[in-house]
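Structure below is entry.txt: compact mmCIF, N, CA and C atoms.
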# COMPACT_ATOMS: atom_id res chain seq x y z
N MET A 12 0.83 -1.18 0.00
CA MET A 12 0.00 0.00 0.00
C MET A 12 0.88 1.24 0.00
N LYS A 13 0.46 2.22 -0.82
CA LYS A 13 1.23 3.45 -0.96
C LYS A 13 0.92 4.40 0.18
N ARG A 14 1.94 5.00 0.72
CA ARG A 14 1.78 5.94 1.82
C ARG A 14 1.55 7.35 1.27
N PHE A 15 0.56 8.10 1.89
CA PHE A 15 0.24 9.47 1.47
C PHE A 15 1.04 10.44 2.33
N ASP A 16 1.81 11.29 1.64
CA ASP A 16 2.60 12.29 2.36
C ASP A 16 1.83 13.59 2.59
N GLN A 17 0.77 13.82 1.81
CA GLN A 17 -0.03 15.03 1.97
C GLN A 17 -1.49 14.73 1.67
N ILE A 18 -2.34 15.61 2.13
CA ILE A 18 -3.78 15.43 1.95
C ILE A 18 -4.22 16.29 0.76
N ASN A 19 -5.04 15.71 -0.10
CA ASN A 19 -5.56 16.42 -1.26
C ASN A 19 -6.83 17.17 -0.82
N VAL A 20 -6.78 18.50 -0.77
CA VAL A 20 -7.90 19.30 -0.29
C VAL A 20 -8.74 19.89 -1.42
N ILE A 21 -8.37 19.63 -2.66
CA ILE A 21 -9.11 20.21 -3.79
C ILE A 21 -10.57 19.74 -3.80
N PRO A 22 -10.88 18.46 -3.61
CA PRO A 22 -12.31 18.08 -3.58
C PRO A 22 -13.06 18.74 -2.42
N PHE A 23 -12.41 18.90 -1.29
CA PHE A 23 -13.04 19.56 -0.15
C PHE A 23 -13.38 21.02 -0.48
N VAL A 24 -12.46 21.73 -1.13
CA VAL A 24 -12.70 23.12 -1.52
C VAL A 24 -13.83 23.20 -2.53
N ASP A 25 -13.89 22.27 -3.48
CA ASP A 25 -14.97 22.26 -4.46
C ASP A 25 -16.34 22.10 -3.79
N ILE A 26 -16.42 21.20 -2.84
CA ILE A 26 -17.68 20.99 -2.13
C ILE A 26 -18.07 22.23 -1.33
N MET A 27 -17.12 22.87 -0.69
CA MET A 27 -17.41 24.07 0.10
C MET A 27 -17.89 25.22 -0.79
N LEU A 28 -17.31 25.37 -1.98
CA LEU A 28 -17.76 26.42 -2.89
C LEU A 28 -19.19 26.18 -3.37
N VAL A 29 -19.53 24.93 -3.64
CA VAL A 29 -20.90 24.61 -4.04
C VAL A 29 -21.87 24.91 -2.90
N LEU A 30 -21.52 24.52 -1.69
CA LEU A 30 -22.38 24.81 -0.54
C LEU A 30 -22.52 26.31 -0.31
N LEU A 31 -21.44 27.06 -0.49
CA LEU A 31 -21.51 28.51 -0.34
C LEU A 31 -22.44 29.12 -1.37
N ALA A 32 -22.37 28.66 -2.61
CA ALA A 32 -23.26 29.16 -3.66
C ALA A 32 -24.72 28.87 -3.32
N ILE A 33 -25.01 27.69 -2.80
CA ILE A 33 -26.38 27.33 -2.43
C ILE A 33 -26.88 28.23 -1.30
N VAL A 34 -26.06 28.45 -0.29
CA VAL A 34 -26.46 29.29 0.85
C VAL A 34 -26.71 30.72 0.40
N LEU A 35 -25.82 31.28 -0.41
CA LEU A 35 -26.00 32.66 -0.87
C LEU A 35 -27.23 32.81 -1.75
N THR A 36 -27.49 31.85 -2.60
CA THR A 36 -28.67 31.91 -3.46
C THR A 36 -29.95 31.84 -2.66
N SER A 37 -30.03 30.92 -1.73
CA SER A 37 -31.26 30.79 -0.94
C SER A 37 -31.42 31.98 0.00
N ALA A 38 -30.35 32.56 0.50
CA ALA A 38 -30.44 33.71 1.39
C ALA A 38 -31.03 34.91 0.67
N THR A 39 -30.66 35.13 -0.59
CA THR A 39 -31.22 36.27 -1.32
C THR A 39 -32.70 36.07 -1.60
N PHE A 40 -33.14 34.84 -1.84
CA PHE A 40 -34.57 34.60 -2.04
C PHE A 40 -35.34 34.86 -0.76
N ILE A 41 -34.79 34.49 0.37
CA ILE A 41 -35.48 34.69 1.64
C ILE A 41 -35.60 36.19 1.95
N VAL A 42 -34.53 36.94 1.72
CA VAL A 42 -34.54 38.38 2.01
C VAL A 42 -35.54 39.10 1.11
N GLN A 43 -35.62 38.71 -0.16
CA GLN A 43 -36.51 39.37 -1.10
C GLN A 43 -37.94 38.89 -0.97
N GLY A 44 -38.18 37.86 -0.20
CA GLY A 44 -39.54 37.37 0.00
C GLY A 44 -40.09 36.65 -1.21
N LYS A 45 -39.25 36.04 -2.03
CA LYS A 45 -39.71 35.37 -3.24
C LYS A 45 -39.98 33.89 -3.03
N ILE A 46 -39.79 33.40 -1.85
CA ILE A 46 -40.08 32.00 -1.57
C ILE A 46 -41.52 31.92 -1.10
N PRO A 47 -42.38 31.23 -1.86
CA PRO A 47 -43.78 31.14 -1.43
C PRO A 47 -43.92 30.21 -0.23
N LEU A 48 -44.57 30.69 0.78
CA LEU A 48 -44.75 29.91 2.00
C LEU A 48 -46.23 29.80 2.34
N GLN A 49 -46.61 28.66 2.85
CA GLN A 49 -47.95 28.51 3.40
C GLN A 49 -47.75 28.29 4.89
N LEU A 50 -48.09 29.30 5.65
CA LEU A 50 -47.85 29.25 7.09
C LEU A 50 -48.88 28.36 7.77
N PRO A 51 -48.45 27.66 8.82
CA PRO A 51 -49.39 26.83 9.57
C PRO A 51 -50.36 27.69 10.37
N GLN A 52 -51.49 27.11 10.70
CA GLN A 52 -52.48 27.83 11.49
C GLN A 52 -52.35 27.44 12.95
N ALA A 53 -52.67 28.37 13.81
CA ALA A 53 -52.64 28.12 15.25
C ALA A 53 -53.86 28.77 15.88
N SER A 54 -54.44 28.10 16.84
CA SER A 54 -55.64 28.64 17.47
C SER A 54 -55.35 29.81 18.40
N SER A 55 -54.11 29.91 18.86
CA SER A 55 -53.77 30.97 19.81
C SER A 55 -53.00 32.11 19.15
N SER A 56 -53.09 32.23 17.82
CA SER A 56 -52.36 33.31 17.17
C SER A 56 -53.12 34.62 17.33
N GLU A 57 -52.37 35.72 17.26
CA GLU A 57 -53.01 37.03 17.36
C GLU A 57 -52.57 37.88 16.19
N THR A 58 -53.45 38.74 15.77
CA THR A 58 -53.19 39.61 14.63
C THR A 58 -52.45 40.86 15.10
N VAL A 59 -51.36 41.16 14.41
CA VAL A 59 -50.61 42.38 14.71
C VAL A 59 -51.14 43.46 13.79
N ASN A 60 -51.56 44.56 14.36
CA ASN A 60 -52.12 45.66 13.59
C ASN A 60 -51.06 46.71 13.34
N GLU A 61 -50.24 46.49 12.34
CA GLU A 61 -49.22 47.47 12.01
C GLU A 61 -49.78 48.45 11.01
N THR A 62 -49.62 49.71 11.28
CA THR A 62 -50.08 50.75 10.37
C THR A 62 -49.00 50.99 9.32
N PRO A 63 -49.34 50.91 8.05
CA PRO A 63 -48.33 51.17 7.03
C PRO A 63 -47.92 52.64 7.05
N PRO A 64 -46.66 52.93 6.77
CA PRO A 64 -46.22 54.32 6.81
C PRO A 64 -46.78 55.13 5.65
N HIS A 65 -47.01 56.40 5.91
CA HIS A 65 -47.38 57.33 4.84
C HIS A 65 -46.11 58.04 4.40
N ARG A 66 -46.04 58.34 3.11
CA ARG A 66 -44.86 59.01 2.57
C ARG A 66 -45.28 60.41 2.08
N ILE A 67 -44.56 61.40 2.57
CA ILE A 67 -44.80 62.78 2.15
C ILE A 67 -43.49 63.30 1.56
N ALA A 68 -43.57 63.88 0.38
CA ALA A 68 -42.37 64.39 -0.28
C ALA A 68 -42.62 65.84 -0.73
N ILE A 69 -41.53 66.60 -0.74
CA ILE A 69 -41.56 67.97 -1.26
C ILE A 69 -40.44 68.06 -2.29
N ASN A 70 -40.80 68.38 -3.53
CA ASN A 70 -39.76 68.45 -4.57
C ASN A 70 -39.11 69.84 -4.61
N LYS A 71 -38.20 70.00 -5.55
CA LYS A 71 -37.43 71.25 -5.65
C LYS A 71 -38.33 72.46 -5.88
N ALA A 72 -39.43 72.27 -6.62
CA ALA A 72 -40.36 73.37 -6.91
C ALA A 72 -41.26 73.69 -5.72
N GLY A 73 -41.23 72.86 -4.68
CA GLY A 73 -42.06 73.10 -3.50
C GLY A 73 -43.41 72.41 -3.55
N ASP A 74 -43.59 71.49 -4.50
CA ASP A 74 -44.85 70.75 -4.62
C ASP A 74 -44.88 69.61 -3.61
N TYR A 75 -46.06 69.38 -3.05
CA TYR A 75 -46.24 68.30 -2.07
C TYR A 75 -46.71 67.03 -2.77
N PHE A 76 -46.28 65.88 -2.24
CA PHE A 76 -46.72 64.58 -2.72
C PHE A 76 -47.07 63.74 -1.50
N LEU A 77 -48.25 63.15 -1.51
CA LEU A 77 -48.70 62.29 -0.42
C LEU A 77 -48.84 60.88 -0.98
N ASP A 78 -48.07 59.95 -0.45
CA ASP A 78 -48.06 58.56 -0.92
C ASP A 78 -47.87 58.50 -2.43
N ASP A 79 -46.89 59.25 -2.91
CA ASP A 79 -46.48 59.29 -4.32
C ASP A 79 -47.52 59.89 -5.27
N GLN A 80 -48.50 60.59 -4.74
CA GLN A 80 -49.51 61.26 -5.56
C GLN A 80 -49.41 62.77 -5.32
N PRO A 81 -49.54 63.57 -6.39
CA PRO A 81 -49.51 65.03 -6.19
C PRO A 81 -50.59 65.44 -5.20
N SER A 82 -50.24 66.38 -4.34
CA SER A 82 -51.15 66.79 -3.28
C SER A 82 -50.91 68.25 -2.94
N SER A 83 -51.60 68.72 -1.93
CA SER A 83 -51.39 70.08 -1.44
C SER A 83 -51.34 70.01 0.08
N LEU A 84 -50.93 71.10 0.69
CA LEU A 84 -50.85 71.14 2.14
C LEU A 84 -52.23 71.00 2.77
N ALA A 85 -53.26 71.55 2.12
CA ALA A 85 -54.63 71.44 2.65
C ALA A 85 -55.11 69.99 2.63
N VAL A 86 -54.79 69.26 1.57
CA VAL A 86 -55.19 67.85 1.48
C VAL A 86 -54.44 67.03 2.52
N ILE A 87 -53.17 67.31 2.70
CA ILE A 87 -52.39 66.61 3.72
C ILE A 87 -52.98 66.89 5.10
N HIS A 88 -53.40 68.13 5.33
CA HIS A 88 -54.02 68.51 6.60
C HIS A 88 -55.28 67.68 6.84
N GLU A 89 -56.12 67.54 5.82
CA GLU A 89 -57.36 66.75 5.94
C GLU A 89 -57.06 65.27 6.19
N GLN A 90 -56.10 64.72 5.45
CA GLN A 90 -55.75 63.30 5.61
C GLN A 90 -55.13 63.04 6.97
N ALA A 91 -54.26 63.93 7.42
CA ALA A 91 -53.57 63.75 8.70
C ALA A 91 -54.55 63.74 9.87
N ALA A 92 -55.68 64.41 9.72
CA ALA A 92 -56.69 64.42 10.78
C ALA A 92 -57.28 63.04 11.00
N GLN A 93 -57.21 62.18 9.99
CA GLN A 93 -57.79 60.84 10.08
C GLN A 93 -56.78 59.79 10.55
N TRP A 94 -55.51 60.14 10.62
CA TRP A 94 -54.47 59.18 10.99
C TRP A 94 -54.36 59.07 12.50
N ALA A 95 -54.01 57.87 12.97
CA ALA A 95 -53.75 57.67 14.40
C ALA A 95 -52.44 58.36 14.77
N SER A 96 -52.29 58.71 16.04
CA SER A 96 -51.10 59.46 16.46
C SER A 96 -49.81 58.64 16.35
N ASP A 97 -49.92 57.31 16.29
CA ASP A 97 -48.71 56.49 16.17
C ASP A 97 -48.44 56.05 14.73
N THR A 98 -49.08 56.70 13.77
CA THR A 98 -48.87 56.38 12.36
C THR A 98 -47.46 56.80 11.95
N PRO A 99 -46.66 55.88 11.39
CA PRO A 99 -45.32 56.27 10.93
C PRO A 99 -45.41 57.08 9.63
N ILE A 100 -44.61 58.13 9.55
CA ILE A 100 -44.61 59.01 8.39
C ILE A 100 -43.17 59.20 7.93
N HIS A 101 -42.94 58.97 6.64
CA HIS A 101 -41.62 59.19 6.05
C HIS A 101 -41.68 60.49 5.25
N VAL A 102 -40.80 61.42 5.59
CA VAL A 102 -40.76 62.73 4.93
C VAL A 102 -39.48 62.84 4.13
N SER A 103 -39.63 63.14 2.83
CA SER A 103 -38.48 63.36 1.94
C SER A 103 -38.60 64.75 1.35
N VAL A 104 -37.52 65.52 1.48
CA VAL A 104 -37.53 66.89 0.98
C VAL A 104 -36.29 67.09 0.12
N ASP A 105 -36.48 67.66 -1.06
CA ASP A 105 -35.36 67.98 -1.93
C ASP A 105 -34.45 68.98 -1.23
N LYS A 106 -33.15 68.82 -1.39
CA LYS A 106 -32.21 69.70 -0.68
C LYS A 106 -32.30 71.15 -1.15
N ASP A 107 -32.84 71.39 -2.36
CA ASP A 107 -32.97 72.74 -2.88
C ASP A 107 -34.37 73.32 -2.69
N ALA A 108 -35.24 72.60 -2.00
CA ALA A 108 -36.60 73.09 -1.75
C ALA A 108 -36.55 74.23 -0.72
N VAL A 109 -37.55 75.08 -0.79
CA VAL A 109 -37.65 76.19 0.16
C VAL A 109 -37.97 75.60 1.54
N PHE A 110 -37.20 76.01 2.53
CA PHE A 110 -37.33 75.46 3.88
C PHE A 110 -38.70 75.76 4.48
N ASP A 111 -39.31 76.85 4.06
CA ASP A 111 -40.62 77.23 4.57
C ASP A 111 -41.68 76.16 4.30
N ARG A 112 -41.59 75.47 3.16
CA ARG A 112 -42.55 74.41 2.84
C ARG A 112 -42.42 73.26 3.84
N PHE A 113 -41.19 72.95 4.22
CA PHE A 113 -40.94 71.88 5.19
C PHE A 113 -41.49 72.25 6.56
N THR A 114 -41.27 73.49 6.99
CA THR A 114 -41.77 73.90 8.31
C THR A 114 -43.29 73.95 8.34
N GLN A 115 -43.91 74.33 7.22
CA GLN A 115 -45.38 74.31 7.16
C GLN A 115 -45.89 72.88 7.30
N LEU A 116 -45.23 71.94 6.66
CA LEU A 116 -45.62 70.53 6.76
C LEU A 116 -45.48 70.04 8.20
N LEU A 117 -44.38 70.37 8.85
CA LEU A 117 -44.18 69.96 10.23
C LEU A 117 -45.24 70.55 11.15
N ASP A 118 -45.64 71.79 10.90
CA ASP A 118 -46.70 72.41 11.71
C ASP A 118 -48.02 71.65 11.57
N VAL A 119 -48.34 71.25 10.36
CA VAL A 119 -49.58 70.49 10.13
C VAL A 119 -49.51 69.15 10.86
N LEU A 120 -48.39 68.47 10.78
CA LEU A 120 -48.26 67.18 11.44
C LEU A 120 -48.30 67.32 12.96
N ARG A 121 -47.72 68.37 13.48
CA ARG A 121 -47.76 68.60 14.93
C ARG A 121 -49.17 68.93 15.42
N GLN A 122 -49.94 69.64 14.62
CA GLN A 122 -51.32 69.96 15.00
C GLN A 122 -52.14 68.70 15.24
N HIS A 123 -51.79 67.64 14.53
CA HIS A 123 -52.52 66.37 14.66
C HIS A 123 -51.78 65.37 15.55
N HIS A 124 -50.77 65.85 16.26
CA HIS A 124 -49.98 65.04 17.21
C HIS A 124 -49.37 63.81 16.54
N LEU A 125 -48.88 63.99 15.32
CA LEU A 125 -48.20 62.92 14.60
C LEU A 125 -46.70 63.09 14.81
N ASN A 126 -46.14 62.24 15.66
CA ASN A 126 -44.74 62.40 16.05
C ASN A 126 -43.82 61.28 15.55
N GLN A 127 -44.38 60.29 14.88
CA GLN A 127 -43.57 59.18 14.36
C GLN A 127 -43.00 59.55 12.99
N LEU A 128 -42.09 60.52 12.98
CA LEU A 128 -41.54 61.02 11.73
C LEU A 128 -40.18 60.42 11.44
N ASN A 129 -39.97 60.06 10.19
CA ASN A 129 -38.67 59.65 9.68
C ASN A 129 -38.33 60.61 8.55
N ILE A 130 -37.28 61.38 8.72
CA ILE A 130 -36.87 62.33 7.70
C ILE A 130 -35.74 61.68 6.91
N ASP A 131 -36.00 61.42 5.62
CA ASP A 131 -35.05 60.71 4.77
C ASP A 131 -33.88 61.60 4.39
N THR A 132 -32.68 61.05 4.54
CA THR A 132 -31.46 61.74 4.14
C THR A 132 -30.50 60.73 3.51
N LEU A 133 -29.47 61.23 2.89
CA LEU A 133 -28.41 60.38 2.35
C LEU A 133 -27.22 60.42 3.29
N LYS A 134 -26.56 59.30 3.44
CA LYS A 134 -25.39 59.23 4.31
C LYS A 134 -24.20 59.86 3.61
N GLN A 135 -23.50 60.74 4.33
CA GLN A 135 -22.30 61.37 3.75
C GLN A 135 -21.19 60.35 3.69
N SER A 136 -20.43 60.44 2.61
CA SER A 136 -19.29 59.51 2.49
C SER A 136 -17.97 60.19 2.70
Kindly return the structure encoded in the file as structure tokens.
Amino acid sequence: MKRFDQINVIPFVDIMLVLLAIVLTSATFIVQGKIPLQLPQASSSETVNETPPHRIAINKAGDYFLDDQPSSLAVIHEQAAQWASDTPIHVSVDKDAVFDRFTQLLDVLRQHHLNQLNIDTLKQS
């Protein structure tokens, strides 16, 4: 019988690369939610009532957008009156927009006690 002076690791590396490819592929499907699942039922489950966030944007010209639809401050005022106080709101404002439009929007949101604000910005590099 022939004696082995070293171990051949090439097949081991090949197997590890295949496993890595499988893990990375399945992980991206899970993150993107593209894997169809049928969840089991339970008698003691409870429904979580999460309120979807509203998106308000102000462009460079100072125009308001509510949930990606053209709007006005008066319409936002009317809609905000119907929202619960814990409703999450994402606010995006163009950096060249007039600051007064932003402060008017904040005043309207404060009048309705809407404090769950997320102001979108870009991270400086």
Please provide the set of residues having any atom within 10 Å of region 74-84 of chain A, restricted to only C-alpha atoms, with same-chain residues fewer than 3 positions apart removed, written as a PDB file with N, CA and C atoms, in the coordinates of the input.
ATOM      1  N   PRO A  64     -46.660  52.930   6.770  1.00  0.00           N
ATOM      2  CA  PRO A  64     -46.220  54.320   6.810  1.00  0.00           C
ATOM      3  C   PRO A  64     -46.780  55.130   5.650  1.00  0.00           C
ATOM      4  N   HIS A  65     -47.010  56.400   5.910  1.00  0.00           N
ATOM      5  CA  HIS A  65     -47.380  57.330   4.840  1.00  0.00           C
ATOM      6  C   HIS A  65     -46.110  58.040   4.400  1.00  0.00           C
ATOM      7  N   ARG A  66     -46.040  58.340   3.110  1.00  0.00           N
ATOM      8  CA  ARG A  66     -44.860  59.010   2.570  1.00  0.00           C
ATOM      9  C   ARG A  66     -45.280  60.410   2.080  1.00  0.00           C
ATOM     10  N   ILE A  67     -44.560  61.400   2.570  1.00  0.00           N
ATOM     11  CA  ILE A  67     -44.800  62.780   2.150  1.00  0.00           C
ATOM     12  C   ILE A  67     -43.490  63.300   1.560  1.00  0.00           C
ATOM     13  N   ALA A  68     -43.570  63.880   0.380  1.00  0.00           N
ATOM     14  CA  ALA A  68     -42.370  64.390  -0.280  1.00  0.00           C
ATOM     15  C   ALA A  68     -42.620  65.840  -0.730  1.00  0.00           C
ATOM     16  N   ILE A  69     -41.530  66.600  -0.740  1.00  0.00           N
ATOM     17  CA  ILE A  69     -41.560  67.970  -1.260  1.00  0.00           C
ATOM     18  C   ILE A  69     -40.440  68.060  -2.290  1.00  0.00           C
ATOM     19  N   ASN A  70     -40.800  68.380  -3.530  1.00  0.00           N
ATOM     20  CA  ASN A  70     -39.760  68.450  -4.570  1.00  0.00           C
ATOM     21  C   ASN A  70     -39.110  69.840  -4.610  1.00  0.00           C
ATOM     22  N   LYS A  71     -38.200  70.000  -5.550  1.00  0.00           N
ATOM     23  CA  LYS A  71     -37.430  71.250  -5.650  1.00  0.00           C
ATOM     24  C   LYS A  71     -38.330  72.460  -5.880  1.00  0.00           C
ATOM     25  N   ILE A  87     -53.170  67.310   2.700  1.00  0.00           N
ATOM     26  CA  ILE A  87     -52.390  66.610   3.720  1.00  0.00           C
ATOM     27  C   ILE A  87     -52.980  66.890   5.100  1.00  0.00           C
ATOM     28  N   HIS A  88     -53.400  68.130   5.330  1.00  0.00           N
ATOM     29  CA  HIS A  88     -54.020  68.510   6.600  1.00  0.00           C
ATOM     30  C   HIS A  88     -55.280  67.680   6.840  1.00  0.00           C
ATOM     31  N   GLU A  89     -56.120  67.540   5.820  1.00  0.00           N
ATOM     32  CA  GLU A  89     -57.360  66.750   5.940  1.00  0.00           C
ATOM     33  C   GLU A  89     -57.060  65.270   6.190  1.00  0.00           C
ATOM     34  N   GLN A  90     -56.100  64.720   5.450  1.00  0.00           N
ATOM     35  CA  GLN A  90     -55.750  63.300   5.610  1.00  0.00           C
ATOM     36  C   GLN A  90     -55.130  63.040   6.970  1.00  0.00           C
ATOM     37  N   ILE A 100     -44.610  58.130   9.550  1.00  0.00           N
ATOM     38  CA  ILE A 100     -44.610  59.010   8.390  1.00  0.00           C
ATOM     39  C   ILE A 100     -43.170  59.200   7.930  1.00  0.00           C
ATOM     40  N   HIS A 101     -42.940  58.970   6.640  1.00  0.00           N
ATOM     41  CA  HIS A 101     -41.620  59.190   6.050  1.00  0.00           C
ATOM     42  C   HIS A 101     -41.680  60.490   5.250  1.00  0.00           C
ATOM     43  N   VAL A 102     -40.800  61.420   5.590  1.00  0.00           N
ATOM     44  CA  VAL A 102     -40.760  62.730   4.930  1.00  0.00           C
ATOM     45  C   VAL A 102     -39.480  62.840   4.130  1.00  0.00           C
ATOM     46  N   SER A 103     -39.630  63.140   2.830  1.00  0.00           N
ATOM     47  CA  SER A 103     -38.480  63.360   1.940  1.00  0.00           C
ATOM     48  C   SER A 103     -38.600  64.750   1.350  1.00  0.00           C
ATOM     49  N   VAL A 104     -37.520  65.520   1.480  1.00  0.00           N
ATOM     50  CA  VAL A 104     -37.530  66.890   0.980  1.00  0.00           C
ATOM     51  C   VAL A 104     -36.290  67.090   0.120  1.00  0.00           C
ATOM     52  N   ALA A 108     -35.240  72.600  -2.000  1.00  0.00           N
ATOM     53  CA  ALA A 108     -36.600  73.090  -1.750  1.00  0.00           C
ATOM     54  C   ALA A 108     -36.550  74.230  -0.720  1.00  0.00           C
ATOM     55  N   ARG A 112     -41.590  75.470   3.160  1.00  0.00           N
ATOM     56  CA  ARG A 112     -42.550  74.410   2.840  1.00  0.00           C
ATOM     57  C   ARG A 112     -42.420  73.260   3.840  1.00  0.00           C
ATOM     58  N   PHE A 113     -41.190  72.950   4.220  1.00  0.00           N
ATOM     59  CA  PHE A 113     -40.940  71.880   5.190  1.00  0.00           C
ATOM     60  C   PHE A 113     -41.490  72.250   6.560  1.00  0.00           C
ATOM     61  N   GLN A 115     -43.910  74.330   7.220  1.00  0.00           N
ATOM     62  CA  GLN A 115     -45.380  74.310   7.160  1.00  0.00           C
ATOM     63  C   GLN A 115     -45.890  72.880   7.300  1.00  0.00           C
ATOM     64  N   LEU A 116     -45.230  71.940   6.660  1.00  0.00           N
ATOM     65  CA  LEU A 116     -45.620  70.530   6.760  1.00  0.00           C
ATOM     66  C   LEU A 116     -45.480  70.040   8.200  1.00  0.00           C
ATOM     67  N   VAL A 119     -48.340  71.250  10.360  1.00  0.00           N
ATOM     68  CA  VAL A 119     -49.580  70.490  10.130  1.00  0.00           C
ATOM     69  C   VAL A 119     -49.510  69.150  10.860  1.00  0.00           C
TER      70      VAL A 119
END
As number ranges by chain, please: every residue in region 72-125 of chain A that DSSP puts in helix (DSSP H, G or I).
A: 84-91, 110-122
What does the file look like for those residues with N, CA and C atoms, as a JSON list (two decimals), in the frame of the given file?
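Generated file (result-v4.json):
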[["chain", "number", "residue", "atom", "x", "y", "z"],
["A", 84, "LEU", "N", -50.93, 71.10, 0.69],
["A", 84, "LEU", "CA", -50.85, 71.14, 2.14],
["A", 84, "LEU", "C", -52.23, 71.00, 2.77],
["A", 85, "ALA", "N", -53.26, 71.55, 2.12],
["A", 85, "ALA", "CA", -54.63, 71.44, 2.65],
["A", 85, "ALA", "C", -55.11, 69.99, 2.63],
["A", 86, "VAL", "N", -54.79, 69.26, 1.57],
["A", 86, "VAL", "CA", -55.19, 67.85, 1.48],
["A", 86, "VAL", "C", -54.44, 67.03, 2.52],
["A", 87, "ILE", "N", -53.17, 67.31, 2.70],
["A", 87, "ILE", "CA", -52.39, 66.61, 3.72],
["A", 87, "ILE", "C", -52.98, 66.89, 5.10],
["A", 88, "HIS", "N", -53.40, 68.13, 5.33],
["A", 88, "HIS", "CA", -54.02, 68.51, 6.60],
["A", 88, "HIS", "C", -55.28, 67.68, 6.84],
["A", 89, "GLU", "N", -56.12, 67.54, 5.82],
["A", 89, "GLU", "CA", -57.36, 66.75, 5.94],
["A", 89, "GLU", "C", -57.06, 65.27, 6.19],
["A", 90, "GLN", "N", -56.10, 64.72, 5.45],
["A", 90, "GLN", "CA", -55.75, 63.30, 5.61],
["A", 90, "GLN", "C", -55.13, 63.04, 6.97],
["A", 91, "ALA", "N", -54.26, 63.93, 7.42],
["A", 91, "ALA", "CA", -53.57, 63.75, 8.70],
["A", 91, "ALA", "C", -54.55, 63.74, 9.87],
["A", 110, "PHE", "N", -37.20, 76.01, 2.53],
["A", 110, "PHE", "CA", -37.33, 75.46, 3.88],
["A", 110, "PHE", "C", -38.70, 75.76, 4.48],
["A", 111, "ASP", "N", -39.31, 76.85, 4.06],
["A", 111, "ASP", "CA", -40.62, 77.23, 4.57],
["A", 111, "ASP", "C", -41.68, 76.16, 4.30],
["A", 112, "ARG", "N", -41.59, 75.47, 3.16],
["A", 112, "ARG", "CA", -42.55, 74.41, 2.84],
["A", 112, "ARG", "C", -42.42, 73.26, 3.84],
["A", 113, "PHE", "N", -41.19, 72.95, 4.22],
["A", 113, "PHE", "CA", -40.94, 71.88, 5.19],
["A", 113, "PHE", "C", -41.49, 72.25, 6.56],
["A", 114, "THR", "N", -41.27, 73.49, 6.99],
["A", 114, "THR", "CA", -41.77, 73.90, 8.31],
["A", 114, "THR", "C", -43.29, 73.95, 8.34],
["A", 115, "GLN", "N", -43.91, 74.33, 7.22],
["A", 115, "GLN", "CA", -45.38, 74.31, 7.16],
["A", 115, "GLN", "C", -45.89, 72.88, 7.30],
["A", 116, "LEU", "N", -45.23, 71.94, 6.66],
["A", 116, "LEU", "CA", -45.62, 70.53, 6.76],
["A", 116, "LEU", "C", -45.48, 70.04, 8.20],
["A", 117, "LEU", "N", -44.38, 70.37, 8.85],
["A", 117, "LEU", "CA", -44.18, 69.96, 10.23],
["A", 117, "LEU", "C", -45.24, 70.55, 11.15],
["A", 118, "ASP", "N", -45.64, 71.79, 10.90],
["A", 118, "ASP", "CA", -46.70, 72.41, 11.71],
["A", 118, "ASP", "C", -48.02, 71.65, 11.57],
["A", 119, "VAL", "N", -48.34, 71.25, 10.36],
["A", 119, "VAL", "CA", -49.58, 70.49, 10.13],
["A", 119, "VAL", "C", -49.51, 69.15, 10.86],
["A", 120, "LEU", "N", -48.39, 68.47, 10.78],
["A", 120, "LEU", "CA", -48.26, 67.18, 11.44],
["A", 120, "LEU", "C", -48.30, 67.32, 12.96],
["A", 121, "ARG", "N", -47.72, 68.37, 13.48],
["A", 121, "ARG", "CA", -47.76, 68.60, 14.93],
["A", 121, "ARG", "C", -49.17, 68.93, 15.42],
["A", 122, "GLN", "N", -49.94, 69.64, 14.62],
["A", 122, "GLN", "CA", -51.32, 69.96, 15.00],
["A", 122, "GLN", "C", -52.14, 68.70, 15.24]]
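With atom N of Ala32 (chain A) on one side and atom N of Val20 (chain A) on the other, the separation reads 18.7 Å.
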Find the distance between CA of Trp94 (chain A) and atom C of Thr114 (chain A) and write it in Å to one decimal.
18.7 Å
Expressed in Å, the length from atom C of Pro63 (chain A) to atom C of Thr98 (chain A) is 6.4 Å
Top pick for closest residue to Asp105 (chain A), considering A:His123, A:Ile33, A:Val86, A:Gly73 and counting only N, CA and C atoms
A:Gly73
Could you tell me which of A:Ser37, A:Val109, A:Ala91, A:Arg14 comes closest to Arg121 (chain A) if we count only C-alpha atoms?
A:Ala91
